[in-house]
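Okay, structure first, notes after.
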Amino acid sequence: MNINTLVIKEIKRRKLNFFLGLLSVVFAVTTVTGALTMLQVHDLKTNEIITEKEAETRERMTLLEDDYRKIMKKLGFNLLILPKDQNISDLFANDFASKLMPESYVDSLAASHSMLIRHLLPSLQQKIEWPEKRRTVLLIGIRGEVPFLYKDPKEPMMISVQKGTMIMGFELHDKLGLEQGDEVKLLGRKFKVEECNEPRGNKDDITIWINLQEAQELLNKQGKINAILALKCFCSGGNQAQVREEVQSVLPGTQVIEKGSKVLIRAEARARAAKEAQDAIEAEKIHRKKLRNELEKFAAILVPLVLLSSALWIAFLFIGNVSERKSEIGILRAVGVKEKSIMRLFLLKALLIGISGAVIGYFLGLGIGCAWGGLFTFSLFNLYFFLLVLLCAPLLSLLAAYIPAVMAARQDPAEVLREE
Amino acid sequence: MLHIENISKKYTTENKIIHALDNISLTVEKGEFLAIHGPSGCGKTTLLLTTGGLLHPDEGRILINSENIYDLSAEKRAVFRARNIGFVFQQYHLIPYLTVLENVQVPALAQKNNVPENKIYELIESLGLKERLQHTPAELSTGEKQRTALARALLYNPKILLADEITGNLDQGNTDIVMNCLSGFTERGGTILLVTHDKNANGLAHRTIYIEKQ
């Protein structure tokens, strides 16, 4: 016979008392483990969601990159070749280049072996007073597309305006009441209105397009042009600089600027999409963090409350147990069992409750946490935390049972035995 | 062997003071069987508890083999009690979830050495409990319960046996078994203080004293 046997026998006898104590520890440990597992599941889910979103974004960006590459390749991008001494600010302020360059430049470019430059459109542009109609117009002389000598001839993107004809912007023909087929005089020369453009909402609405040679004659700038538009240049990735270098190697007296193109718009859209995707990820992160903080706050309130309730519950159970075992304690003291051994009787029982409760509660809490998050993974089993629970739960149980155990040890055996 | 010197013990209740023992002195020799008689409430149980080192007297000394047991610390007194004193009470105080065998072995919780099993069985058999070894107190008759309590008190062969009304609830057959056991104990040199209302006990006791109610 020893104290351990007595403890086990007593537990077997008073199963409900042990079970209620166990329930209390299980509840406390389950709450703590469950709360922690929920937080862990939350973190894992957050990582999963963010990783998923990042992968989605990467995939989308790769697709956009691919689209971008295809678009660049398919559409090319537009370049404006200007005289080297042309001030760019003036160009944007006046809507045309004020400096001139030989028309032969376009022929030189067309005669080059450039693989990147495609459609070449030379022009002579100048804002003038249309004396016959007393209006300011932008006069553009065009020659149509200049074909490359060493490339397969294709249908030109733009044909020249026939001599003696003009194409008129919307604002002009609308305000002047002109229609296709009408005849008008421009700088003393007769032209037939070949085409009336629809409104475009830009400088084209006040533009008159005529044959380049006639424009040179009217403006007294024979053999001169002030811009070559190179449309749909081949481009993939970041080789715009290479295109510029190629142009300038053929025409050193020029400068090349990029004109707004679909490619740029697409590139901007791509950047915007990337930013939006990143913003969405950040928003998700913030949302998840907020949710975690709320969970943490909830756990921070709940856990101490549960631990305190559990400790009180165990203490009351043990006080009841001590009271129920008064006679037993009395006789044990009478036969010479020391106070320490009486305390051991109760503390050993509390220890068993604590250890059993820790094991059951941990796995129950883990299961509940996993079920809550819908995530069952072995990685949620935390050995360090399990050992901590295995240490703390019995400690909690021992602390709660300590005062009742002291009460039992200090109980006056004579009082009990005399009462009988 | 046992000297009770001028012991007094009083209990204080809400509105009065009860003098349970008032200046009692008594000497009991080794191997003596002392029967103590007296009306209910005269302090017989208090005398036993005080003698057994469980209830500190307000005044006086209890000397067992010349040692004042109340000079010992509570821990040492518990050890002393385990080695020298056996208790038997009218209400048995058996532990309800232990079998007869285990209840008899309860004093082992306070001892360093275990009594050999054959000695335990011998003791149990001498008290007619052989067939009840694995029974719990709830399954025993009154006499069997008291005999179990007696076996428990005698397991470590104490020097003094303090018995309080142990035949009060027993029939004649059980009383005879118990009294024979007590006789055997004194024959082996044990000292008995038996508180009883049973006049028949006087026949076996070496001496009988009467305590008057205060």
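Lettering and numbering for the structure tokens are positional, with chains as A, B, ... in the shown order, residues counted from 1 in each chain, and ligands counted from 1 in the shown order.
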Considering only C-alpha atoms, give me a table of residues in chain B that are at most 8 Å from chain A, with the closest atom pair and distance in Å for each, as a tab-separated table.
residue	atom	partner	partner_atom	distance
B:Thr45	CA	A:Arg418	CA	6.5
B:Thr46	CA	A:Arg418	CA	7.1
B:Leu49	CA	A:Ala414	CA	6.4
B:Leu54	CA	A:Ala414	CA	5.6
B:Leu55	CA	A:Ala414	CA	5.8
B:Glu75	CA	A:Lys338	CA	6.1
B:Arg77	CA	A:Gly336	CA	7.9
B:Ala78	CA	A:Gly336	CA	4.3
B:Val79	CA	A:Gly336	CA	5.7
B:Phe80	CA	A:Gly336	CA	7.5
B:Arg81	CA	A:Gly336	CA	5.3
B:Ala82	CA	A:Gly336	CA	4.3
B:Ile85	CA	A:Val335	CA	7.7
B:Gly86	CA	A:Val335	CA	6.8
B:Phe87	CA	A:Ala334	CA	7.0
B:Phe89	CA	A:Leu417	CA	8.0
B:Gln90	CA	A:Glu420	CA	7.9
B:Gln91	CA	A:Glu420	CA	6.6
B:His93	CA	A:Ser327	CA	6.3
B:Leu94	CA	A:Glu328	CA	7.3
B:Ile95	CA	A:Glu328	CA	5.8
B:Tyr97	CA	A:Arg13	CA	5.8
B:Leu98	CA	A:Lys9	CA	7.1
B:Glu102	CA	A:Met1	CA	6.9
B:Gln105	CA	A:Met1	CA	6.2
B:Val106	CA	A:Met1	CA	6.6
B:Pro107	CA	A:Val335	CA	5.5
B:Ala108	CA	A:Met1	CA	6.3
B:Leu109	CA	A:Asn2	CA	5.5
B:Ala110	CA	A:Val337	CA	4.6
B:Ala153	CA	A:Val335	CA	7.8
Check: stretch 61-188 of chain B: which residues are helix (DSSP H, G or I) by DSSP, as a PyMOL selection string?
Finding: chain B and resi 69-71+74-84+100-110+117-126+130-132+137-139+142-154+172-187
Item checked: Residue nearest B:Gly52 among B:Asn68, B:Asn15, B:Asn180, B:Thr148 (counting only C-alpha atoms) -> B:Asn68
Note to self: When you look at A:Thr46 with a cut-off of 9 Å (counting only C-alpha atoms), what residues show up, excluding the ones that are within fewer than 6 positions of it in the same chain? I need them as an MDAnalysis selection string.
What the structure shows: chainID A and resid 284:285 288:289
Next item on the list: Find the residues around stretch 92-95 of chain A up to 10 Å (only C-alpha atoms counted), leave out those fewer than 2 positions away in its own chain, and share them as a VMD selection string.
Entry: chain A and resid 87 to 90 97 to 98 125 to 127 138 203
Next item on the list: Compile the contact shell of A:Val106 as a list in words: residues with an atom at most 8 Å away, counting only C-alpha atoms, same-chain residues fewer than 3 positions apart removed.
Entry: Glu103, Leu109, Ala110, Leu120, Pro122, Val146 and Ile228 of chain A
Next item on the list: Skip A:Glu198 itself and residues of its chain fewer than 2 positions away, then list as a list in words all residues within 10 Å of it, counting only C-alpha atoms.
Entry: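 Once the adjacent positions are removed, what remains is Met168, Gly169, Phe170, Glu171, His173, Asp174, Glu195, Cys196, Arg200, Gly201, Asp204 and Asp205 of chain A.
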Dump of C-alpha atoms for the selected residues, as an mmCIF file, in the first residue's frame:
data_model
loop_
_atom_site.group_PDB
_atom_site.id
_atom_site.type_symbol
_atom_site.label_atom_id
_atom_site.label_comp_id
_atom_site.auth_asym_id
_atom_site.auth_seq_id
_atom_site.Cartn_x
_atom_site.Cartn_y
_atom_site.Cartn_z
ATOM 1 C CA MET A 168 -9.933 68.707 -95.628
ATOM 2 C CA GLY A 169 -10.342 68.508 -91.865
ATOM 3 C CA PHE A 170 -13.827 68.541 -90.336
ATOM 4 C CA GLU A 171 -13.718 72.001 -88.768
ATOM 5 C CA HIS A 173 -15.274 71.938 -94.414
ATOM 6 C CA ASP A 174 -18.004 72.139 -91.827
ATOM 7 C CA GLU A 195 -12.288 64.047 -99.209
ATOM 8 C CA CYS A 196 -13.913 65.596 -96.146
ATOM 9 C CA ARG A 200 -11.227 63.755 -84.876
ATOM 10 C CA GLY A 201 -11.051 66.200 -82.018
ATOM 11 C CA ASP A 204 -6.455 67.241 -87.928
ATOM 12 C CA ASP A 205 -9.773 69.102 -87.848
#
Next item on the list: Mind giving me the straight-line distance from atom CA of A:Ala358 to atom CA of A:Leu44 in Å, one decimal?
Entry: 24.5 Å
Next item on the list: Find the residues around A:Gly223 up to 9 Å (only C-alpha atoms counted), leave out those fewer than 5 positions away in its own chain, and share them as a list in words.
Entry: Met101, Pro102, Glu103, Ser104, Gln213 and Gln216 of chain A
Item checked: Proximity to A:Tyr402 - best of A:Met166, A:Arg135, A:Leu347, A:Leu20, only C-alpha atoms ->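 Ranking A:Met166, A:Arg135, A:Leu347, A:Leu20 by distance to A:Tyr402, first place goes to A:Leu347.
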Note to self: To one decimal place in Å, what is the distance between atom CA of A:Asn226 and atom CA of A:Phe96?
What the structure shows: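 One can read the atom CA of A:Asn226 to atom CA of A:Phe96 distance as 8.1 Å.
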Check: Interatomic distance between atom CA of A:Val359 and atom CA of A:Phe316?
Finding: 22.7 Å
Next item on the list: Find the residue from A:Ile368, A:Val416, A:Leu121, A:Leu22 that sits nearest to A:Gly141; use only C-alpha atoms when measuring.
Entry: A:Leu121
Stretch 2-210 of chain B: which residues are strand (DSSP E) by DSSP, as a PDB file with N, CA, C and O atoms, in the first residue's frame?
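This went into part_14.pdb:
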ATOM      1  N   LEU B   2       2.637   4.272  30.442  1.00  0.00           N
ATOM      2  CA  LEU B   2       1.820   5.446  30.067  1.00  0.00           C
ATOM      3  C   LEU B   2       1.442   6.225  31.317  1.00  0.00           C
ATOM      4  O   LEU B   2       0.850   5.676  32.239  1.00  0.00           O
ATOM      5  N   HIS B   3       1.900   7.509  31.287  1.00  0.00           N
ATOM      6  CA  HIS B   3       1.557   8.366  32.419  1.00  0.00           C
ATOM      7  C   HIS B   3       0.773   9.566  31.911  1.00  0.00           C
ATOM      8  O   HIS B   3       1.263  10.311  31.060  1.00  0.00           O
ATOM      9  N   ILE B   4      -0.429   9.668  32.440  1.00  0.00           N
ATOM     10  CA  ILE B   4      -1.258  10.824  32.110  1.00  0.00           C
ATOM     11  C   ILE B   4      -1.217  11.716  33.338  1.00  0.00           C
ATOM     12  O   ILE B   4      -1.638  11.298  34.426  1.00  0.00           O
ATOM     13  N   GLU B   5      -0.673  12.904  33.172  1.00  0.00           N
ATOM     14  CA  GLU B   5      -0.447  13.750  34.344  1.00  0.00           C
ATOM     15  C   GLU B   5      -1.250  15.041  34.265  1.00  0.00           C
ATOM     16  O   GLU B   5      -0.973  15.911  33.417  1.00  0.00           O
ATOM     17  N   ASN B   6      -2.210  15.124  35.131  1.00  0.00           N
ATOM     18  CA  ASN B   6      -2.991  16.363  35.319  1.00  0.00           C
ATOM     19  C   ASN B   6      -3.472  16.995  34.006  1.00  0.00           C
ATOM     20  O   ASN B   6      -3.310  18.199  33.802  1.00  0.00           O
ATOM     21  N   ILE B   7      -4.040  16.185  33.194  1.00  0.00           N
ATOM     22  CA  ILE B   7      -4.467  16.806  31.922  1.00  0.00           C
ATOM     23  C   ILE B   7      -5.878  17.377  32.034  1.00  0.00           C
ATOM     24  O   ILE B   7      -6.762  16.808  32.682  1.00  0.00           O
ATOM     25  N   SER B   8      -5.995  18.515  31.398  1.00  0.00           N
ATOM     26  CA  SER B   8      -7.298  19.191  31.320  1.00  0.00           C
ATOM     27  C   SER B   8      -7.534  19.567  29.858  1.00  0.00           C
ATOM     28  O   SER B   8      -6.599  19.895  29.123  1.00  0.00           O
ATOM     29  N   LYS B   9      -8.805  19.486  29.489  1.00  0.00           N
ATOM     30  CA  LYS B   9      -9.155  19.904  28.110  1.00  0.00           C
ATOM     31  C   LYS B   9     -10.546  20.475  28.142  1.00  0.00           C
ATOM     32  O   LYS B   9     -11.487  19.860  28.684  1.00  0.00           O
ATOM     33  N   LYS B  10     -10.659  21.652  27.589  1.00  0.00           N
ATOM     34  CA  LYS B  10     -12.007  22.245  27.546  1.00  0.00           C
ATOM     35  C   LYS B  10     -12.312  22.667  26.103  1.00  0.00           C
ATOM     36  O   LYS B  10     -11.417  22.975  25.309  1.00  0.00           O
ATOM     37  N   TYR B  11     -13.596  22.594  25.770  1.00  0.00           N
ATOM     38  CA  TYR B  11     -14.066  23.022  24.461  1.00  0.00           C
ATOM     39  C   TYR B  11     -14.893  24.273  24.643  1.00  0.00           C
ATOM     40  O   TYR B  11     -15.684  24.359  25.581  1.00  0.00           O
ATOM     41  N   THR B  12     -14.669  25.197  23.754  1.00  0.00           N
ATOM     42  CA  THR B  12     -15.445  26.432  23.846  1.00  0.00           C
ATOM     43  C   THR B  12     -16.476  26.443  22.721  1.00  0.00           C
ATOM     44  O   THR B  12     -16.116  26.350  21.539  1.00  0.00           O
ATOM     45  N   ILE B  17     -18.488  27.064  27.969  1.00  0.00           N
ATOM     46  CA  ILE B  17     -17.228  26.332  27.967  1.00  0.00           C
ATOM     47  C   ILE B  17     -17.503  24.956  28.566  1.00  0.00           C
ATOM     48  O   ILE B  17     -18.106  24.844  29.648  1.00  0.00           O
ATOM     49  N   ILE B  18     -17.080  23.917  27.831  1.00  0.00           N
ATOM     50  CA  ILE B  18     -17.294  22.558  28.325  1.00  0.00           C
ATOM     51  C   ILE B  18     -15.941  22.014  28.778  1.00  0.00           C
ATOM     52  O   ILE B  18     -14.995  21.938  27.990  1.00  0.00           O
ATOM     53  N   HIS B  19     -15.887  21.602  30.050  1.00  0.00           N
ATOM     54  CA  HIS B  19     -14.657  20.995  30.572  1.00  0.00           C
ATOM     55  C   HIS B  19     -14.730  19.497  30.315  1.00  0.00           C
ATOM     56  O   HIS B  19     -15.329  18.750  31.079  1.00  0.00           O
ATOM     57  N   ALA B  20     -14.137  19.048  29.214  1.00  0.00           N
ATOM     58  CA  ALA B  20     -14.185  17.623  28.856  1.00  0.00           C
ATOM     59  C   ALA B  20     -13.310  16.815  29.804  1.00  0.00           C
ATOM     60  O   ALA B  20     -13.706  15.726  30.248  1.00  0.00           O
ATOM     61  N   LEU B  21     -12.132  17.314  30.089  1.00  0.00           N
ATOM     62  CA  LEU B  21     -11.228  16.654  31.038  1.00  0.00           C
ATOM     63  C   LEU B  21     -10.774  17.699  32.044  1.00  0.00           C
ATOM     64  O   LEU B  21     -10.378  18.795  31.648  1.00  0.00           O
ATOM     65  N   ASP B  22     -10.838  17.312  33.292  1.00  0.00           N
ATOM     66  CA  ASP B  22     -10.452  18.291  34.302  1.00  0.00           C
ATOM     67  C   ASP B  22      -9.443  17.656  35.264  1.00  0.00           C
ATOM     68  O   ASP B  22      -9.803  16.909  36.155  1.00  0.00           O
ATOM     69  N   ASN B  23      -8.194  17.950  35.011  1.00  0.00           N
ATOM     70  CA  ASN B  23      -7.107  17.518  35.887  1.00  0.00           C
ATOM     71  C   ASN B  23      -7.082  15.990  36.094  1.00  0.00           C
ATOM     72  O   ASN B  23      -7.137  15.504  37.206  1.00  0.00           O
ATOM     73  N   ILE B  24      -7.005  15.280  35.018  1.00  0.00           N
ATOM     74  CA  ILE B  24      -7.006  13.812  35.068  1.00  0.00           C
ATOM     75  C   ILE B  24      -5.567  13.311  35.163  1.00  0.00           C
ATOM     76  O   ILE B  24      -4.699  13.741  34.396  1.00  0.00           O
ATOM     77  N   SER B  25      -5.337  12.371  36.007  1.00  0.00           N
ATOM     78  CA  SER B  25      -4.029  11.724  36.092  1.00  0.00           C
ATOM     79  C   SER B  25      -4.248  10.215  36.115  1.00  0.00           C
ATOM     80  O   SER B  25      -5.199   9.727  36.730  1.00  0.00           O
ATOM     81  N   LEU B  26      -3.369   9.504  35.440  1.00  0.00           N
ATOM     82  CA  LEU B  26      -3.575   8.076  35.290  1.00  0.00           C
ATOM     83  C   LEU B  26      -2.261   7.433  34.882  1.00  0.00           C
ATOM     84  O   LEU B  26      -1.502   7.995  34.098  1.00  0.00           O
ATOM     85  N   THR B  27      -2.004   6.253  35.394  1.00  0.00           N
ATOM     86  CA  THR B  27      -0.821   5.508  34.950  1.00  0.00           C
ATOM     87  C   THR B  27      -1.277   4.129  34.496  1.00  0.00           C
ATOM     88  O   THR B  27      -2.062   3.474  35.186  1.00  0.00           O
ATOM     89  N   VAL B  28      -0.800   3.735  33.336  1.00  0.00           N
ATOM     90  CA  VAL B  28      -1.153   2.420  32.798  1.00  0.00           C
ATOM     91  C   VAL B  28       0.148   1.687  32.510  1.00  0.00           C
ATOM     92  O   VAL B  28       1.041   2.233  31.837  1.00  0.00           O
ATOM     93  N   PHE B  33      -4.640  -4.006  30.602  1.00  0.00           N
ATOM     94  CA  PHE B  33      -5.894  -3.808  29.883  1.00  0.00           C
ATOM     95  C   PHE B  33      -6.772  -2.953  30.781  1.00  0.00           C
ATOM     96  O   PHE B  33      -7.257  -3.425  31.807  1.00  0.00           O
ATOM     97  N   LEU B  34      -6.945  -1.694  30.393  1.00  0.00           N
ATOM     98  CA  LEU B  34      -7.707  -0.768  31.219  1.00  0.00           C
ATOM     99  C   LEU B  34      -9.050  -0.478  30.558  1.00  0.00           C
ATOM    100  O   LEU B  34      -9.106  -0.048  29.407  1.00  0.00           O
ATOM    101  N   ALA B  35     -10.112  -0.735  31.290  1.00  0.00           N
ATOM    102  CA  ALA B  35     -11.454  -0.409  30.786  1.00  0.00           C
ATOM    103  C   ALA B  35     -11.881   0.916  31.391  1.00  0.00           C
ATOM    104  O   ALA B  35     -11.679   1.154  32.586  1.00  0.00           O
ATOM    105  N   ILE B  36     -12.407   1.791  30.549  1.00  0.00           N
ATOM    106  CA  ILE B  36     -12.831   3.109  31.028  1.00  0.00           C
ATOM    107  C   ILE B  36     -14.333   3.220  30.826  1.00  0.00           C
ATOM    108  O   ILE B  36     -14.824   3.090  29.696  1.00  0.00           O
ATOM    109  N   HIS B  37     -15.005   3.465  31.878  1.00  0.00           N
ATOM    110  CA  HIS B  37     -16.453   3.629  31.817  1.00  0.00           C
ATOM    111  C   HIS B  37     -16.816   5.071  32.132  1.00  0.00           C
ATOM    112  O   HIS B  37     -16.038   5.797  32.740  1.00  0.00           O
ATOM    113  N   GLU B  59      -3.835  21.543  29.509  1.00  0.00           N
ATOM    114  CA  GLU B  59      -2.837  21.464  30.587  1.00  0.00           C
ATOM    115  C   GLU B  59      -2.421  20.010  30.769  1.00  0.00           C
ATOM    116  O   GLU B  59      -3.150  19.096  30.373  1.00  0.00           O
ATOM    117  N   GLY B  60      -1.280  19.798  31.393  1.00  0.00           N
ATOM    118  CA  GLY B  60      -0.835  18.456  31.729  1.00  0.00           C
ATOM    119  C   GLY B  60       0.066  17.837  30.674  1.00  0.00           C
ATOM    120  O   GLY B  60       0.331  18.458  29.624  1.00  0.00           O
ATOM    121  N   ARG B  61       0.515  16.591  31.001  1.00  0.00           N
ATOM    122  CA  ARG B  61       1.450  15.922  30.094  1.00  0.00           C
ATOM    123  C   ARG B  61       0.993  14.488  29.845  1.00  0.00           C
ATOM    124  O   ARG B  61       0.348  13.878  30.693  1.00  0.00           O
ATOM    125  N   ILE B  62       1.376  13.976  28.713  1.00  0.00           N
ATOM    126  CA  ILE B  62       1.160  12.565  28.400  1.00  0.00           C
ATOM    127  C   ILE B  62       2.556  11.972  28.202  1.00  0.00           C
ATOM    128  O   ILE B  62       3.256  12.348  27.241  1.00  0.00           O
ATOM    129  N   LEU B  63       2.928  11.088  29.077  1.00  0.00           N
ATOM    130  CA  LEU B  63       4.254  10.478  28.949  1.00  0.00           C
ATOM    131  C   LEU B  63       4.106   9.025  28.526  1.00  0.00           C
ATOM    132  O   LEU B  63       3.415   8.247  29.187  1.00  0.00           O
ATOM    133  N   ILE B  64       4.696   8.712  27.447  1.00  0.00           N
ATOM    134  CA  ILE B  64       4.714   7.315  26.995  1.00  0.00           C
ATOM    135  C   ILE B  64       6.179   6.902  26.984  1.00  0.00           C
ATOM    136  O   ILE B  64       6.998   7.514  26.264  1.00  0.00           O
ATOM    137  N   GLU B  67       8.409   9.729  27.613  1.00  0.00           N
ATOM    138  CA  GLU B  67       8.535  10.803  26.618  1.00  0.00           C
ATOM    139  C   GLU B  67       7.222  11.565  26.526  1.00  0.00           C
ATOM    140  O   GLU B  67       6.168  10.969  26.266  1.00  0.00           O
ATOM    141  N   ASN B  68       7.315  12.869  26.781  1.00  0.00           N
ATOM    142  CA  ASN B  68       6.113  13.690  26.667  1.00  0.00           C
ATOM    143  C   ASN B  68       5.808  13.884  25.186  1.00  0.00           C
ATOM    144  O   ASN B  68       6.529  14.580  24.467  1.00  0.00           O
ATOM    145  N   ILE B  85       1.213   3.576  18.637  1.00  0.00           N
ATOM    146  CA  ILE B  85      -0.203   3.638  19.032  1.00  0.00           C
ATOM    147  C   ILE B  85      -1.115   3.094  17.928  1.00  0.00           C
ATOM    148  O   ILE B  85      -0.927   3.381  16.744  1.00  0.00           O
ATOM    149  N   GLY B  86      -2.103   2.349  18.342  1.00  0.00           N
ATOM    150  CA  GLY B  86      -3.130   1.877  17.423  1.00  0.00           C
ATOM    151  C   GLY B  86      -4.470   2.409  17.879  1.00  0.00           C
ATOM    152  O   GLY B  86      -4.734   2.517  19.076  1.00  0.00           O
ATOM    153  N   PHE B  87      -5.293   2.801  16.914  1.00  0.00           N
ATOM    154  CA  PHE B  87      -6.627   3.346  17.229  1.00  0.00           C
ATOM    155  C   PHE B  87      -7.712   2.433  16.665  1.00  0.00           C
ATOM    156  O   PHE B  87      -7.607   1.958  15.533  1.00  0.00           O
ATOM    157  N   VAL B  88      -8.770   2.259  17.424  1.00  0.00           N
ATOM    158  CA  VAL B  88      -9.980   1.624  16.888  1.00  0.00           C
ATOM    159  C   VAL B  88     -11.161   2.464  17.382  1.00  0.00           C
ATOM    160  O   VAL B  88     -11.222   2.819  18.562  1.00  0.00           O
ATOM    161  N   ILE B 160       0.551   0.580  22.423  1.00  0.00           N
ATOM    162  CA  ILE B 160      -0.709   0.944  23.089  1.00  0.00           C
ATOM    163  C   ILE B 160      -1.849   0.874  22.084  1.00  0.00           C
ATOM    164  O   ILE B 160      -1.729   1.407  20.966  1.00  0.00           O
ATOM    165  N   LEU B 161      -2.939   0.272  22.476  1.00  0.00           N
ATOM    166  CA  LEU B 161      -4.123   0.244  21.632  1.00  0.00           C
ATOM    167  C   LEU B 161      -5.195   1.081  22.316  1.00  0.00           C
ATOM    168  O   LEU B 161      -5.532   0.838  23.479  1.00  0.00           O
ATOM    169  N   LEU B 162      -5.690   2.064  21.603  1.00  0.00           N
ATOM    170  CA  LEU B 162      -6.730   2.941  22.148  1.00  0.00           C
ATOM    171  C   LEU B 162      -8.026   2.588  21.425  1.00  0.00           C
ATOM    172  O   LEU B 162      -8.136   2.779  20.219  1.00  0.00           O
ATOM    173  N   ALA B 163      -8.971   2.060  22.149  1.00  0.00           N
ATOM    174  CA  ALA B 163     -10.204   1.573  21.529  1.00  0.00           C
ATOM    175  C   ALA B 163     -11.395   2.306  22.124  1.00  0.00           C
ATOM    176  O   ALA B 163     -11.548   2.389  23.341  1.00  0.00           O
ATOM    177  N   ASP B 164     -12.219   2.848  21.220  1.00  0.00           N
ATOM    178  CA  ASP B 164     -13.355   3.669  21.651  1.00  0.00           C
ATOM    179  C   ASP B 164     -14.667   2.990  21.277  1.00  0.00           C
ATOM    180  O   ASP B 164     -15.060   2.975  20.117  1.00  0.00           O
ATOM    181  N   THR B 191      -0.567  -2.733  25.603  1.00  0.00           N
ATOM    182  CA  THR B 191      -1.366  -2.011  26.588  1.00  0.00           C
ATOM    183  C   THR B 191      -2.651  -1.562  25.905  1.00  0.00           C
ATOM    184  O   THR B 191      -2.618  -1.073  24.762  1.00  0.00           O
ATOM    185  N   ILE B 192      -3.764  -1.713  26.618  1.00  0.00           N
ATOM    186  CA  ILE B 192      -5.053  -1.322  26.013  1.00  0.00           C
ATOM    187  C   ILE B 192      -5.769  -0.334  26.911  1.00  0.00           C
ATOM    188  O   ILE B 192      -5.851  -0.522  28.127  1.00  0.00           O
ATOM    189  N   LEU B 193      -6.283   0.731  26.272  1.00  0.00           N
ATOM    190  CA  LEU B 193      -7.234   1.616  26.949  1.00  0.00           C
ATOM    191  C   LEU B 193      -8.541   1.443  26.194  1.00  0.00           C
ATOM    192  O   LEU B 193      -8.624   1.855  25.018  1.00  0.00           O
ATOM    193  N   LEU B 194      -9.511   0.842  26.791  1.00  0.00           N
ATOM    194  CA  LEU B 194     -10.775   0.562  26.123  1.00  0.00           C
ATOM    195  C   LEU B 194     -11.889   1.385  26.752  1.00  0.00           C
ATOM    196  O   LEU B 194     -12.215   1.224  27.922  1.00  0.00           O
ATOM    197  N   VAL B 195     -12.434   2.268  25.978  1.00  0.00           N
ATOM    198  CA  VAL B 195     -13.599   3.033  26.418  1.00  0.00           C
ATOM    199  C   VAL B 195     -14.812   2.199  26.061  1.00  0.00           C
ATOM    200  O   VAL B 195     -14.966   1.797  24.902  1.00  0.00           O
ATOM    201  N   ARG B 207      -8.133  -3.676  34.925  1.00  0.00           N
ATOM    202  CA  ARG B 207      -8.536  -2.587  35.806  1.00  0.00           C
ATOM    203  C   ARG B 207      -9.648  -1.799  35.116  1.00  0.00           C
ATOM    204  O   ARG B 207      -9.654  -1.682  33.872  1.00  0.00           O
ATOM    205  N   THR B 208     -10.508  -1.279  35.893  1.00  0.00           N
ATOM    206  CA  THR B 208     -11.612  -0.485  35.332  1.00  0.00           C
ATOM    207  C   THR B 208     -11.646   0.855  36.061  1.00  0.00           C
ATOM    208  O   THR B 208     -11.519   0.909  37.286  1.00  0.00           O
ATOM    209  N   ILE B 209     -11.799   1.910  35.297  1.00  0.00           N
ATOM    210  CA  ILE B 209     -11.958   3.213  35.942  1.00  0.00           C
ATOM    211  C   ILE B 209     -13.252   3.859  35.466  1.00  0.00           C
ATOM    212  O   ILE B 209     -13.750   3.547  34.368  1.00  0.00           O
ATOM    213  N   TYR B 210     -13.778   4.743  36.258  1.00  0.00           N
ATOM    214  CA  TYR B 210     -15.009   5.453  35.923  1.00  0.00           C
ATOM    215  C   TYR B 210     -14.711   6.940  35.845  1.00  0.00           C
ATOM    216  O   TYR B 210     -14.044   7.478  36.720  1.00  0.00           O
TER     217      TYR B 210
END
